[in-house]
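S.K.: Just coords22.txt, nothing more (compact mmCIF, C-alpha atoms):
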```
# COMPACT_ATOMS: atom_id res chain seq x y z
CA MET A 279 111.26 122.15 103.96
CA LEU A 280 110.80 121.31 100.27
CA GLY A 281 109.79 124.87 99.39
CA ASN A 282 106.63 126.08 97.66
CA LEU A 283 105.15 123.16 95.70
CA PHE A 284 102.10 125.14 94.55
CA PRO A 285 103.01 128.78 93.81
CA LEU A 286 100.33 131.25 92.76
CA ASP A 287 100.85 134.56 90.94
CA SER A 288 98.32 137.08 92.33
CA SER A 289 98.14 138.85 88.96
CA LYS A 290 96.84 135.75 87.14
CA PRO A 291 93.59 133.73 87.35
CA PHE A 292 93.67 130.34 89.04
CA THR A 293 93.50 128.55 85.67
CA ASP A 294 96.49 130.47 84.22
CA GLN A 295 99.02 129.44 86.86
CA GLU A 296 102.22 127.45 86.54
CA LYS A 297 100.45 124.51 88.21
CA ILE A 298 96.69 124.06 87.87
CA GLY A 299 94.70 122.91 90.89
CA HIS A 300 91.12 121.68 90.89
CA ASN A 301 87.60 122.62 92.03
CA ARG A 302 85.98 119.18 91.92
CA TYR A 303 86.71 115.82 93.59
CA HIS A 304 87.53 112.81 91.45
CA PRO A 305 90.02 109.96 91.93
CA GLU A 306 91.48 110.46 88.43
CA ILE A 307 92.63 114.07 88.92
CA PRO A 308 96.45 113.72 88.69
CA PRO A 309 98.64 115.00 91.52
CA VAL A 310 100.59 118.22 90.98
CA ALA A 311 103.53 116.94 93.06
CA THR A 312 104.69 113.94 95.07
CA VAL A 313 106.00 114.18 98.63
CA LYS A 314 107.29 111.56 101.04
CA PRO A 315 106.10 110.76 104.56
CA GLY A 316 108.01 113.09 106.86
CA ASP A 317 108.25 115.91 104.30
CA SER A 318 107.33 119.53 104.99
CA PHE A 319 106.30 121.89 102.19
CA ARG A 320 104.54 125.16 101.43
CA VAL A 321 101.55 125.85 99.19
CA ASP A 322 99.80 129.02 98.08
CA SER A 323 95.99 129.09 98.22
CA ARG A 324 93.54 131.13 96.16
CA GLU A 325 90.43 132.78 97.64
CA TRP A 326 87.39 130.65 96.80
CA PHE A 327 85.93 132.93 94.09
CA ASP A 328 89.29 133.58 92.39
CA GLY A 329 89.08 137.37 92.62
CA ALA A 330 85.41 137.85 91.72
CA ILE A 331 84.68 139.68 95.00
CA LYS A 332 86.01 143.26 95.20
CA ASN A 333 87.17 145.59 97.95
CA ASP A 334 84.36 148.10 97.46
CA ASP A 335 81.03 149.27 98.90
CA SER A 336 78.75 147.21 96.68
CA ALA A 337 77.27 143.75 97.19
CA GLU A 338 76.52 143.17 93.51
CA ASP A 339 79.51 140.82 93.35
CA ILE A 340 78.07 138.72 96.21
CA LEU A 341 74.65 138.63 94.51
CA ASN A 342 76.26 137.40 91.28
CA ALA A 343 79.06 135.30 92.78
CA PRO A 344 80.09 132.51 90.34
CA MET A 345 79.09 129.49 92.43
CA LYS A 346 80.07 126.95 89.76
CA LYS A 347 83.73 128.03 90.02
CA VAL A 348 84.34 127.16 93.69
CA HIS A 349 86.54 126.09 95.38
CA GLY A 350 89.98 126.56 93.78
CA LEU A 351 91.99 123.94 95.69
CA SER A 352 95.76 123.61 95.85
CA GLY A 353 96.82 120.09 94.89
CA PRO A 354 96.31 117.20 94.82
CA PHE A 355 99.57 116.15 96.47
CA ARG A 356 100.50 112.48 96.26
CA ILE A 357 102.05 111.05 99.41
CA GLU A 358 104.50 108.33 98.44
CA GLY A 359 103.53 104.94 99.82
CA ALA A 360 100.07 105.92 101.11
CA GLN A 361 97.49 103.23 100.40
CA PRO A 362 93.72 102.88 100.93
CA GLY A 363 93.12 102.06 104.58
CA ASP A 364 95.99 104.21 105.85
CA LEU A 365 95.61 107.41 107.87
CA LEU A 366 97.28 110.50 106.47
CA ILE A 367 98.75 112.77 109.16
CA VAL A 368 98.68 116.47 108.25
CA ASP A 369 100.31 119.07 110.50
CA ILE A 370 99.56 122.75 109.89
CA LEU A 371 102.95 124.38 110.54
CA ASP A 372 101.86 127.86 109.50
CA VAL A 373 98.98 129.59 107.72
CA GLY A 374 98.33 133.21 106.80
CA PRO A 375 97.22 135.76 104.21
CA ILE A 376 99.26 136.49 101.08
CA PRO A 377 102.56 137.72 102.55
CA GLN A 378 103.91 141.18 101.82
CA GLU A 379 101.27 142.05 99.24
CA GLN A 380 98.65 144.80 99.08
CA GLY A 381 96.22 144.78 96.20
CA PRO A 382 92.81 143.97 94.72
CA LEU A 383 92.83 140.23 95.50
CA ALA A 384 91.32 139.04 98.78
CA GLY A 385 94.26 138.11 101.00
CA GLN A 386 96.32 141.12 99.89
CA GLY A 387 95.74 142.95 103.17
CA TRP A 388 91.98 142.46 103.27
CA GLY A 389 89.18 139.90 103.12
CA TYR A 390 85.40 139.81 103.00
CA THR A 391 82.28 138.26 104.48
CA GLY A 392 79.02 137.92 102.54
CA ILE A 393 75.40 137.09 103.16
CA PHE A 394 74.38 135.08 100.12
CA ALA A 395 71.09 135.77 98.38
CA LYS A 396 68.42 133.10 98.47
CA SER A 397 68.70 132.92 94.68
CA ASN A 398 72.42 132.09 94.84
CA GLY A 399 73.05 129.64 97.66
CA GLY A 400 71.32 131.30 100.60
CA SER A 401 72.56 131.11 104.19
CA PHE A 402 71.77 129.58 107.58
CA LEU A 403 69.09 132.26 108.12
CA VAL A 404 67.98 132.45 104.50
CA GLU A 405 64.31 133.14 105.28
CA GLN A 406 65.17 136.10 107.52
CA PHE A 407 67.99 137.37 105.28
CA PRO A 408 67.11 136.54 101.64
CA ASP A 409 69.20 139.31 100.03
CA ALA A 410 72.92 139.78 99.35
CA TYR A 411 75.12 141.86 101.67
CA LYS A 412 78.87 142.27 102.09
CA ALA A 413 81.41 143.42 104.65
CA VAL A 414 85.05 144.09 103.80
CA TRP A 415 87.67 143.58 106.53
CA ASP A 416 91.12 145.18 106.68
CA PHE A 417 93.99 143.22 108.23
CA HIS A 418 96.30 144.90 110.74
CA GLY A 419 98.79 142.18 111.68
CA PRO A 420 96.69 139.65 113.62
CA TRP A 421 93.61 141.94 113.88
CA ALA A 422 90.67 142.65 111.58
CA THR A 423 88.46 145.75 111.39
CA SER A 424 85.71 146.72 108.96
CA ARG A 425 84.40 150.03 107.67
CA HIS A 426 81.09 148.23 107.21
CA ILE A 427 80.79 147.05 110.83
CA PRO A 428 82.26 149.77 113.08
CA GLY A 429 83.10 149.39 116.74
CA VAL A 430 84.72 145.95 116.59
CA LYS A 431 88.28 144.65 116.34
CA PHE A 432 89.40 141.08 116.83
CA GLU A 433 92.28 138.69 116.30
CA GLY A 434 91.76 136.15 113.56
CA LEU A 435 91.67 132.39 113.86
CA ILE A 436 93.39 131.83 110.52
CA HIS A 437 92.54 128.40 109.15
CA PRO A 438 91.75 126.45 105.97
CA GLY A 439 88.08 125.81 105.30
CA ILE A 440 89.02 122.73 103.24
CA MET A 441 91.49 119.91 103.70
CA ALA A 442 90.67 116.62 102.00
CA THR A 443 91.88 113.39 100.50
CA ALA A 444 90.55 112.15 97.15
CA PRO A 445 87.57 109.78 97.08
CA SER A 446 87.74 106.33 95.54
CA ALA A 447 85.54 105.67 92.51
CA GLU A 448 83.17 103.71 94.76
CA LEU A 449 82.94 106.49 97.34
CA LEU A 450 82.38 109.11 94.64
CA ALA A 451 79.53 107.02 93.21
CA THR A 452 78.00 106.79 96.69
CA TRP A 453 78.12 110.57 97.09
CA ASN A 454 76.52 111.20 93.72
CA ALA A 455 73.75 108.63 94.27
CA ARG A 456 72.72 109.77 97.73
CA GLU A 457 72.85 113.49 96.88
CA ALA A 458 70.87 112.93 93.67
CA ALA A 459 68.23 111.10 95.70
CA LEU A 460 67.99 114.06 98.07
CA ILE A 461 67.69 116.55 95.21
CA ALA A 462 64.92 114.42 93.68
CA THR A 463 62.73 114.94 96.77
CA ASP A 464 62.39 118.65 95.87
CA PRO A 465 64.18 119.32 92.58
CA ASP A 466 62.98 122.91 92.21
CA ARG A 467 63.87 124.08 95.71
CA VAL A 468 65.57 127.48 96.06
CA PRO A 469 68.24 127.26 97.34
CA PRO A 470 68.79 123.66 96.18
CA LEU A 471 69.06 120.74 98.59
CA ALA A 472 72.44 119.72 97.15
CA LEU A 473 74.73 120.47 94.22
CA PRO A 474 75.06 117.74 91.56
CA PRO A 475 78.17 117.33 89.39
CA GLU A 476 78.49 120.35 87.11
CA PRO A 477 80.93 120.20 84.16
CA GLU A 478 80.60 123.93 83.46
CA GLU A 479 83.44 125.90 85.10
CA SER A 480 85.02 122.67 86.35
CA VAL A 481 88.79 122.82 86.88
CA LEU A 482 90.33 119.33 86.75
CA GLY A 483 94.06 119.95 86.97
CA SER A 484 96.02 118.06 84.30
CA VAL A 485 93.29 115.57 83.39
CA PRO A 486 93.80 114.67 79.70
CA GLN A 487 91.48 116.47 77.31
CA ALA A 488 89.99 113.18 76.13
CA ASP A 489 88.77 112.41 79.66
CA ARG A 490 87.55 115.85 80.70
CA GLU A 491 83.93 115.50 79.59
CA ARG A 492 83.47 112.20 81.40
CA ILE A 493 85.27 113.25 84.58
CA GLY A 494 83.52 116.63 84.64
CA ALA A 495 80.16 114.86 84.56
CA GLU A 496 81.16 112.57 87.46
CA ALA A 497 83.28 114.79 89.70
CA ALA A 498 81.74 115.96 92.98
CA ARG A 499 81.36 119.60 93.93
CA THR A 500 83.51 120.82 96.80
CA ALA A 501 80.74 122.69 98.69
CA PRO A 502 79.85 120.15 101.43
CA PRO A 503 81.96 118.24 103.93
CA ARG A 504 82.02 114.51 103.32
CA GLU A 505 83.84 111.34 104.42
CA ASN A 506 87.12 112.64 102.98
CA GLY A 507 87.04 115.82 105.08
CA GLY A 508 86.34 118.57 102.58
CA ASN A 509 84.60 121.85 103.31
CA GLN A 510 84.21 121.38 107.05
CA ASP A 511 84.92 125.04 107.91
CA ILE A 512 86.18 124.18 111.39
CA LYS A 513 87.52 127.46 112.71
CA ASN A 514 89.86 125.88 115.27
CA LEU A 515 92.05 124.11 112.68
CA THR A 516 94.69 126.78 113.12
CA LYS A 517 98.48 126.78 113.18
CA GLY A 518 99.62 123.80 115.24
CA THR A 519 96.71 121.54 114.25
CA ARG A 520 97.32 117.85 113.57
CA ALA A 521 94.69 116.10 111.47
CA PHE A 522 94.30 112.42 110.54
CA TYR A 523 92.56 111.83 107.19
CA PRO A 524 91.30 108.49 105.87
CA VAL A 525 93.01 107.40 102.67
CA PHE A 526 90.78 106.07 99.88
CA VAL A 527 93.13 106.05 96.86
CA GLU A 528 96.78 105.20 96.23
CA GLY A 529 98.87 108.22 97.23
CA ALA A 530 95.99 109.82 99.21
CA ASN A 531 95.90 112.80 96.78
CA PHE A 532 95.55 115.49 99.45
CA SER A 533 94.28 119.02 98.70
CA VAL A 534 93.81 122.24 100.69
CA GLY A 535 92.15 125.61 100.20
CA ASP A 536 89.42 128.10 101.13
CA LEU A 537 91.46 130.03 103.71
CA HIS A 538 89.71 132.20 106.29
CA PHE A 539 91.25 135.00 108.36
CA SER A 540 88.57 134.40 110.98
CA GLN A 541 85.17 132.76 111.34
CA GLY A 542 82.35 132.17 113.80
CA ASP A 543 81.19 128.63 114.46
CA GLY A 544 78.97 127.40 111.64
CA GLU A 545 80.07 129.93 108.97
CA ILE A 546 76.45 130.99 109.26
CA THR A 547 76.16 133.46 106.38
CA PHE A 548 77.51 130.77 103.97
CA CYS A 549 80.28 133.18 102.98
CA GLY A 550 80.61 133.56 106.72
CA GLY A 551 84.32 133.46 107.38
CA ILE A 552 86.61 136.31 106.34
CA GLU A 553 87.52 134.88 102.95
CA MET A 554 91.04 135.34 101.64
CA GLY A 555 93.90 133.89 99.67
CA GLY A 556 97.14 133.04 101.41
CA TYR A 557 99.66 130.32 102.14
CA MET A 558 100.05 127.18 104.24
CA GLU A 559 103.07 125.25 105.42
CA LEU A 560 102.35 121.56 105.97
CA HIS A 561 104.03 118.41 107.23
CA VAL A 562 102.71 114.98 106.25
CA ASP A 563 103.16 111.44 107.48
CA VAL A 564 101.30 108.14 107.22
CA ILE A 565 99.98 105.58 109.72
CA LYS A 566 99.90 102.30 107.85
CA ASN A 567 96.56 100.50 108.18
CA GLY A 568 95.52 103.35 110.47
CA MET A 569 91.84 103.25 109.56
CA GLU A 570 91.48 99.72 110.94
CA LEU A 571 93.84 100.30 113.86
CA TYR A 572 91.81 103.27 115.14
CA GLY A 573 88.32 102.36 113.96
CA VAL A 574 88.14 105.13 111.35
CA SER A 575 85.81 104.11 108.55
CA GLU A 576 85.15 107.69 107.44
CA ASN A 577 85.80 111.34 108.38
CA ALA A 578 88.90 112.84 109.93
CA ILE A 579 90.19 113.08 113.48
CA PHE A 580 91.59 116.43 114.62
CA MET A 581 93.90 117.73 117.33
CA PRO A 582 93.28 121.49 117.01
CA GLY A 583 96.11 123.98 117.40
CA ARG A 584 96.48 126.23 120.42
CA GLN A 585 96.79 129.54 118.57
CA ASP A 586 93.30 130.81 119.39
CA PRO A 587 92.86 134.36 120.70
CA GLN A 588 92.50 134.29 124.48
CA PHE A 589 89.14 135.62 125.62
CA SER A 590 88.08 135.56 129.25
CA GLU A 591 84.61 137.12 129.12
CA TRP A 592 81.68 136.26 126.90
CA ILE A 593 78.05 137.23 126.44
CA ALA A 594 75.95 134.22 125.44
CA PHE A 595 72.51 133.68 123.92
CA SER A 596 70.43 130.52 123.90
CA GLY A 597 67.75 129.13 121.63
CA THR A 598 65.38 126.18 121.68
CA SER A 599 63.73 124.06 119.02
CA VAL A 600 60.57 126.13 118.66
CA THR A 601 59.87 127.87 115.34
CA LEU A 602 59.25 131.59 115.01
CA ASP A 603 55.57 130.70 114.53
CA GLY A 604 55.50 128.84 117.84
CA GLU A 605 55.56 125.29 116.46
CA GLN A 606 57.26 122.76 118.74
CA ARG A 607 59.96 120.62 117.10
CA TYR A 608 61.60 117.55 118.61
CA LEU A 609 65.25 118.10 119.61
CA ASP A 610 65.97 120.09 116.43
CA SER A 611 69.47 121.42 117.08
CA HIS A 612 69.64 123.15 113.70
CA LEU A 613 66.58 125.18 114.64
CA SER A 614 67.75 125.89 118.19
CA TYR A 615 71.06 127.28 116.89
CA GLN A 616 69.16 129.49 114.45
CA ARG A 617 67.08 130.82 117.33
CA ALA A 618 70.17 131.50 119.46
CA ILE A 619 71.71 133.49 116.60
CA LEU A 620 68.49 135.44 116.02
CA HIS A 621 68.42 136.35 119.70
CA ALA A 622 72.02 137.58 119.47
CA ILE A 623 71.15 139.65 116.37
CA ASP A 624 68.16 141.22 118.15
CA TYR A 625 70.40 142.12 121.09
CA LEU A 626 73.14 143.68 118.95
CA ALA A 627 70.54 145.71 117.08
CA THR A 628 69.69 147.57 120.31
CA PHE A 629 73.18 149.13 120.16
CA GLY A 630 72.54 150.57 116.69
CA TYR A 631 73.75 147.81 114.39
CA SER A 632 71.50 146.84 111.51
CA PRO A 633 70.39 143.19 111.59
CA GLU A 634 72.60 142.58 108.56
CA GLN A 635 75.66 144.08 110.26
CA ALA A 636 75.03 141.91 113.32
CA TYR A 637 74.59 138.78 111.20
CA LEU A 638 77.80 139.44 109.25
CA LEU A 639 79.68 140.02 112.50
CA LEU A 640 78.52 136.70 113.97
CA GLY A 641 79.70 134.92 110.83
CA ALA A 642 83.15 136.55 110.85
CA ALA A 643 84.18 137.06 114.49
CA PRO A 644 85.51 134.16 116.61
CA VAL A 645 82.17 133.39 118.30
CA GLU A 646 81.58 129.97 119.85
CA GLY A 647 78.54 127.87 118.91
CA ARG A 648 77.60 125.00 121.20
CA LEU A 649 75.06 122.23 121.51
CA SER A 650 74.27 122.77 125.18
CA SER A 651 71.51 120.19 125.56
CA VAL A 652 70.34 117.52 123.13
CA VAL A 653 68.44 115.17 125.49
CA ASP A 654 65.81 117.22 127.33
CA ILE A 655 62.73 116.43 125.25
CA PRO A 656 61.23 118.13 123.38
CA ASN A 657 63.67 121.06 123.27
CA SER A 658 67.23 121.03 122.07
CA CYS A 659 69.17 123.99 123.51
CA SER A 660 71.92 125.65 121.47
CA THR A 661 74.04 128.61 122.51
CA VAL A 662 76.21 131.22 120.84
CA TYR A 663 78.98 132.90 122.83
CA ILE A 664 80.34 136.32 121.75
CA PRO A 665 83.65 137.53 123.24
CA THR A 666 82.99 140.91 124.86
CA ALA A 667 86.56 142.12 124.20
CA ILE A 668 86.00 142.46 120.44
CA PHE A 669 83.81 145.55 120.99
CA ASP A 670 85.10 149.11 121.48
CA PHE A 671 82.32 149.70 124.02
CA ASP A 672 80.67 147.85 126.90
CA ILE A 673 78.33 145.29 125.36
CA ARG A 674 76.96 144.04 128.67
CA PRO A 675 73.39 144.83 129.78
CA SER A 676 73.21 147.60 132.37
CA ALA A 677 70.69 149.97 133.97
CA ASP A 678 72.02 152.76 131.71
CA GLY A 679 70.69 151.03 128.59
CA PRO A 680 72.60 150.09 125.43
CA HIS A 681 75.38 152.35 124.18
CA GLN A 682 74.50 153.75 120.74
CA ILE A 683 77.11 153.30 118.03
CA ASP A 684 77.50 155.21 114.80
CA PRO A 685 76.65 152.45 112.27
CA GLY A 686 78.78 154.17 109.63
CA ILE A 687 78.06 153.37 106.00
CA GLY A 688 76.53 150.03 106.97
CA ALA A 689 76.80 146.75 105.13
CA PRO A 690 76.37 147.17 101.36
CA LYS A 691 73.28 145.52 99.93
CA ALA A 692 72.89 144.31 96.34
CA ALA A 693 70.73 146.78 94.44
CA ASP A 694 68.72 144.18 92.58
CA PRO A 695 67.75 141.42 95.02
CA VAL A 696 65.67 138.64 93.54
CA PHE A 697 63.84 137.88 96.77
CA GLY A 698 62.78 140.98 98.74
```
Let's see the structure in the file written out as structure tokens.

M.R.:
Amino acid sequence: MLGNLFPLDSSKPFTDQEKIGHNRYHPEIPPVATVKPGDSFRVDSREWFDGAIKNDDSAEDILNAPMKKVHGLSGPFRIEGAQPGDLLIVDILDVGPIPQEQGPLAGQGWGYTGIFAKSNGGSFLVEQFPDAYKAVWDFHGPWATSRHIPGVKFEGLIHPGIMATAPSAELLATWNAREAALIATDPDRVPPLALPPEPEESVLGSVPQADRERIGAEAARTAPPRENGGNQDIKNLTKGTRAFYPVFVEGANFSVGDLHFSQGDGEITFCGGIEMGGYMELHVDVIKNGMELYGVSENAIFMPGRQDPQFSEWIAFSGTSVTLDGEQRYLDSHLSYQRAILHAIDYLATFGYSPEQAYLLLGAAPVEGRLSSVVDIPNSCSTVYIPTAIFDFDIRPSADGPHQIDPGIGAPKAADPVFG
């Protein structure tokens, strides 16, 4: 083990650290360290808003979250000898919250989940939930509980939301062109269809000052997943995962970040995992010419770890591709998953949860989302599975009717929503 190649001081902002990471993708961002195939090393990771979200009972910070600042990624790390066309092997040896620290920074014994306002990014159910809400979660070893969502306790599936290699100049140009074309179809849409390069608040590592304006205007935002991996938010990429990333530049220039203590499939509230800072221990290797050998032209291959909590009983909800207004859509799996989640929210509300509490819970807890049928025209069928063991009470339907919880203080809502 080489030790910690990317240390972070919790008392300092991301941009005031010993080594400066990045929050944009560009092939010219210099690596912070070089490792060799076969090396293992540790990195610290900063929560995606760099401390802007507080452990309190207000959602004003979610409403005003600084979207241009995300994500603060650890790296890039150059892998000696890696060349375009290779496959980079990344093993997650360990991952967790900030060790042995309690404090005001997410990851210091707590994390958060947020429903983003329509005016600031929105969410998967933005039309039904246009305002900003927040839930804070306390960590108790492997478990999470929340004063904002009482009656539940679950083990986390701790994982990075982002692992990625750097794009080539050609791939970066492809991203920018196709996303600009999409934005141009509805440039005034709220929330926007995509996020163009944004020099303001860009963090570009040790890029020379003379090149910062140019690179800031070209560098891609880290919000979406792309061919290099990126913000895939795959909750099963836990300890023990092996991932194979396509290499597009000399050295691969690999980065990680956006750690989650737990998450439901889809990260449906946009800030849907339990966001936190923490650490990762990684092992890297290279398969020479691996992209051609295994037919990988883009996107990563994963062998997920086996550290998932073991649940034996689930309650599941299904949805089809019919809108709330009764319009039939053709095999629309996005819509059918929305409907499945809405059905789950309606069900949880009968036990006394507010719709917002239920939505936040589905984004944070280790629920399973599945495409159950994508061929039976005209309806796609999607399902969401909730483990029954996470509840302190019997969540199953019975002749006695739903148990009534004390909803507690509820999920804080921003006091000045733009869309009500």

S.K.: Restricting the calculation to only C-alpha atoms, which member of A:Glu379, A:Asp372, A:Glu491, A:Glu433 is positioned closest to Trp415 of chain A?

M.R.: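 Smallest separation from Trp415 of chain A among the options: A:Glu433.
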
S.K.: Quick one: everything within 8 Å of Ser323 of chain A, counting all atoms listed in the file, minus sequence neighbours fewer than 5 positions away in the same chain. Send it as a PyMOL selection string.

M.R.: chain A and resi 286+350-352+534-537+555-558

S.K.: Report, in Å to a single decimal, how far apart atom CA of Ser611 of chain A and atom CA of Arg520 of chain A are.

M.R.: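 Those two atoms sit 28.3 Å apart.
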
S.K.: Between A:Ser288, A:Ser424, A:Ser590, A:Ser446, which has the minimum distance to Asp328 of chain A (counting all atoms listed in the file)?

M.R.: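 Using all atoms listed in the file, Asp328 of chain A sits closest to A:Ser288.
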
S.K.: Env of Asn514 of chain A: 10 Å cut, atoms = all atoms listed in the file, seq-sep filter 6 positions within chain, self excluded. Answer as a PDB file with C-alpha atoms, in the frame of the given file.

M.R.:
```pdb
ATOM      1  CA  LEU A 435      91.670 132.390 113.860  1.00  0.00           C
ATOM      2  CA  ILE A 436      93.390 131.830 110.520  1.00  0.00           C
ATOM      3  CA  HIS A 437      92.540 128.400 109.150  1.00  0.00           C
ATOM      4  CA  PRO A 438      91.750 126.450 105.970  1.00  0.00           C
ATOM      5  CA  SER A 540      88.570 134.400 110.980  1.00  0.00           C
ATOM      6  CA  GLN A 541      85.170 132.760 111.340  1.00  0.00           C
ATOM      7  CA  GLY A 542      82.350 132.170 113.800  1.00  0.00           C
ATOM      8  CA  ASP A 543      81.190 128.630 114.460  1.00  0.00           C
ATOM      9  CA  PHE A 580      91.590 116.430 114.620  1.00  0.00           C
ATOM     10  CA  MET A 581      93.900 117.730 117.330  1.00  0.00           C
ATOM     11  CA  PRO A 582      93.280 121.490 117.010  1.00  0.00           C
ATOM     12  CA  GLY A 583      96.110 123.980 117.400  1.00  0.00           C
ATOM     13  CA  ARG A 584      96.480 126.230 120.420  1.00  0.00           C
ATOM     14  CA  GLN A 585      96.790 129.540 118.570  1.00  0.00           C
ATOM     15  CA  ASP A 586      93.300 130.810 119.390  1.00  0.00           C
ATOM     16  CA  PRO A 644      85.510 134.160 116.610  1.00  0.00           C
TER      17      PRO A 644
END
```

S.K.: Nearest to Lys517 of chain A: which of A:Lys691, A:His304, A:Arg504, A:His561 is it, counting only C-alpha atoms?

M.R.: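 Using only C-alpha atoms, the shortest distance to Lys517 of chain A belongs to A:His561.
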
S.K.: Residues within 7 Å of (81.3, 135.6, 94.4), file coordinates, counting all atoms listed in the file: what are they? Give the list as a PDB file with C-alpha atoms, in the coordinates of the input.

M.R.:
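What landed in selection02.pdb:
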```
ATOM      1  CA  PHE A 327      85.930 132.930  94.090  1.00  0.00           C
ATOM      2  CA  ALA A 330      85.410 137.850  91.720  1.00  0.00           C
ATOM      3  CA  ILE A 331      84.680 139.680  95.000  1.00  0.00           C
ATOM      4  CA  ASP A 339      79.510 140.820  93.350  1.00  0.00           C
ATOM      5  CA  ILE A 340      78.070 138.720  96.210  1.00  0.00           C
ATOM      6  CA  ASN A 342      76.260 137.400  91.280  1.00  0.00           C
ATOM      7  CA  ALA A 343      79.060 135.300  92.780  1.00  0.00           C
ATOM      8  CA  PRO A 344      80.090 132.510  90.340  1.00  0.00           C
ATOM      9  CA  MET A 345      79.090 129.490  92.430  1.00  0.00           C
TER      10      MET A 345
END
```

S.K.: Give as an mmCIF file with C-alpha atoms, in the frame of the given file each residue that has an atom at most 12 Å from (97.4, 129.2, 84.8) in the file, counting all atoms listed in the file.

M.R.:
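The resulting file, point-v8.cif, is shown below:
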```cif
data_model
loop_
_atom_site.group_PDB
_atom_site.id
_atom_site.type_symbol
_atom_site.label_atom_id
_atom_site.label_comp_id
_atom_site.auth_asym_id
_atom_site.auth_seq_id
_atom_site.Cartn_x
_atom_site.Cartn_y
_atom_site.Cartn_z
ATOM 1 C CA PHE A 284 102.100 125.140 94.550
ATOM 2 C CA PRO A 285 103.010 128.780 93.810
ATOM 3 C CA LEU A 286 100.330 131.250 92.760
ATOM 4 C CA ASP A 287 100.850 134.560 90.940
ATOM 5 C CA SER A 288 98.320 137.080 92.330
ATOM 6 C CA SER A 289 98.140 138.850 88.960
ATOM 7 C CA LYS A 290 96.840 135.750 87.140
ATOM 8 C CA PRO A 291 93.590 133.730 87.350
ATOM 9 C CA PHE A 292 93.670 130.340 89.040
ATOM 10 C CA THR A 293 93.500 128.550 85.670
ATOM 11 C CA ASP A 294 96.490 130.470 84.220
ATOM 12 C CA GLN A 295 99.020 129.440 86.860
ATOM 13 C CA GLU A 296 102.220 127.450 86.540
ATOM 14 C CA LYS A 297 100.450 124.510 88.210
ATOM 15 C CA ILE A 298 96.690 124.060 87.870
ATOM 16 C CA GLY A 299 94.700 122.910 90.890
ATOM 17 C CA HIS A 300 91.120 121.680 90.890
ATOM 18 C CA ASP A 328 89.290 133.580 92.390
ATOM 19 C CA GLY A 350 89.980 126.560 93.780
ATOM 20 C CA VAL A 481 88.790 122.820 86.880
ATOM 21 C CA GLY A 483 94.060 119.950 86.970
ATOM 22 C CA SER A 484 96.020 118.060 84.300
#
```

S.K.: Give the answer as one residue: which of A:His349, A:Val562, A:Glu306, A:Asn567 has the shortest atom-to-atom distance to Phe319 of chain A, using only C-alpha atoms?

M.R.: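 Distance minimum relative to Phe319 of chain A lands on A:Val562.
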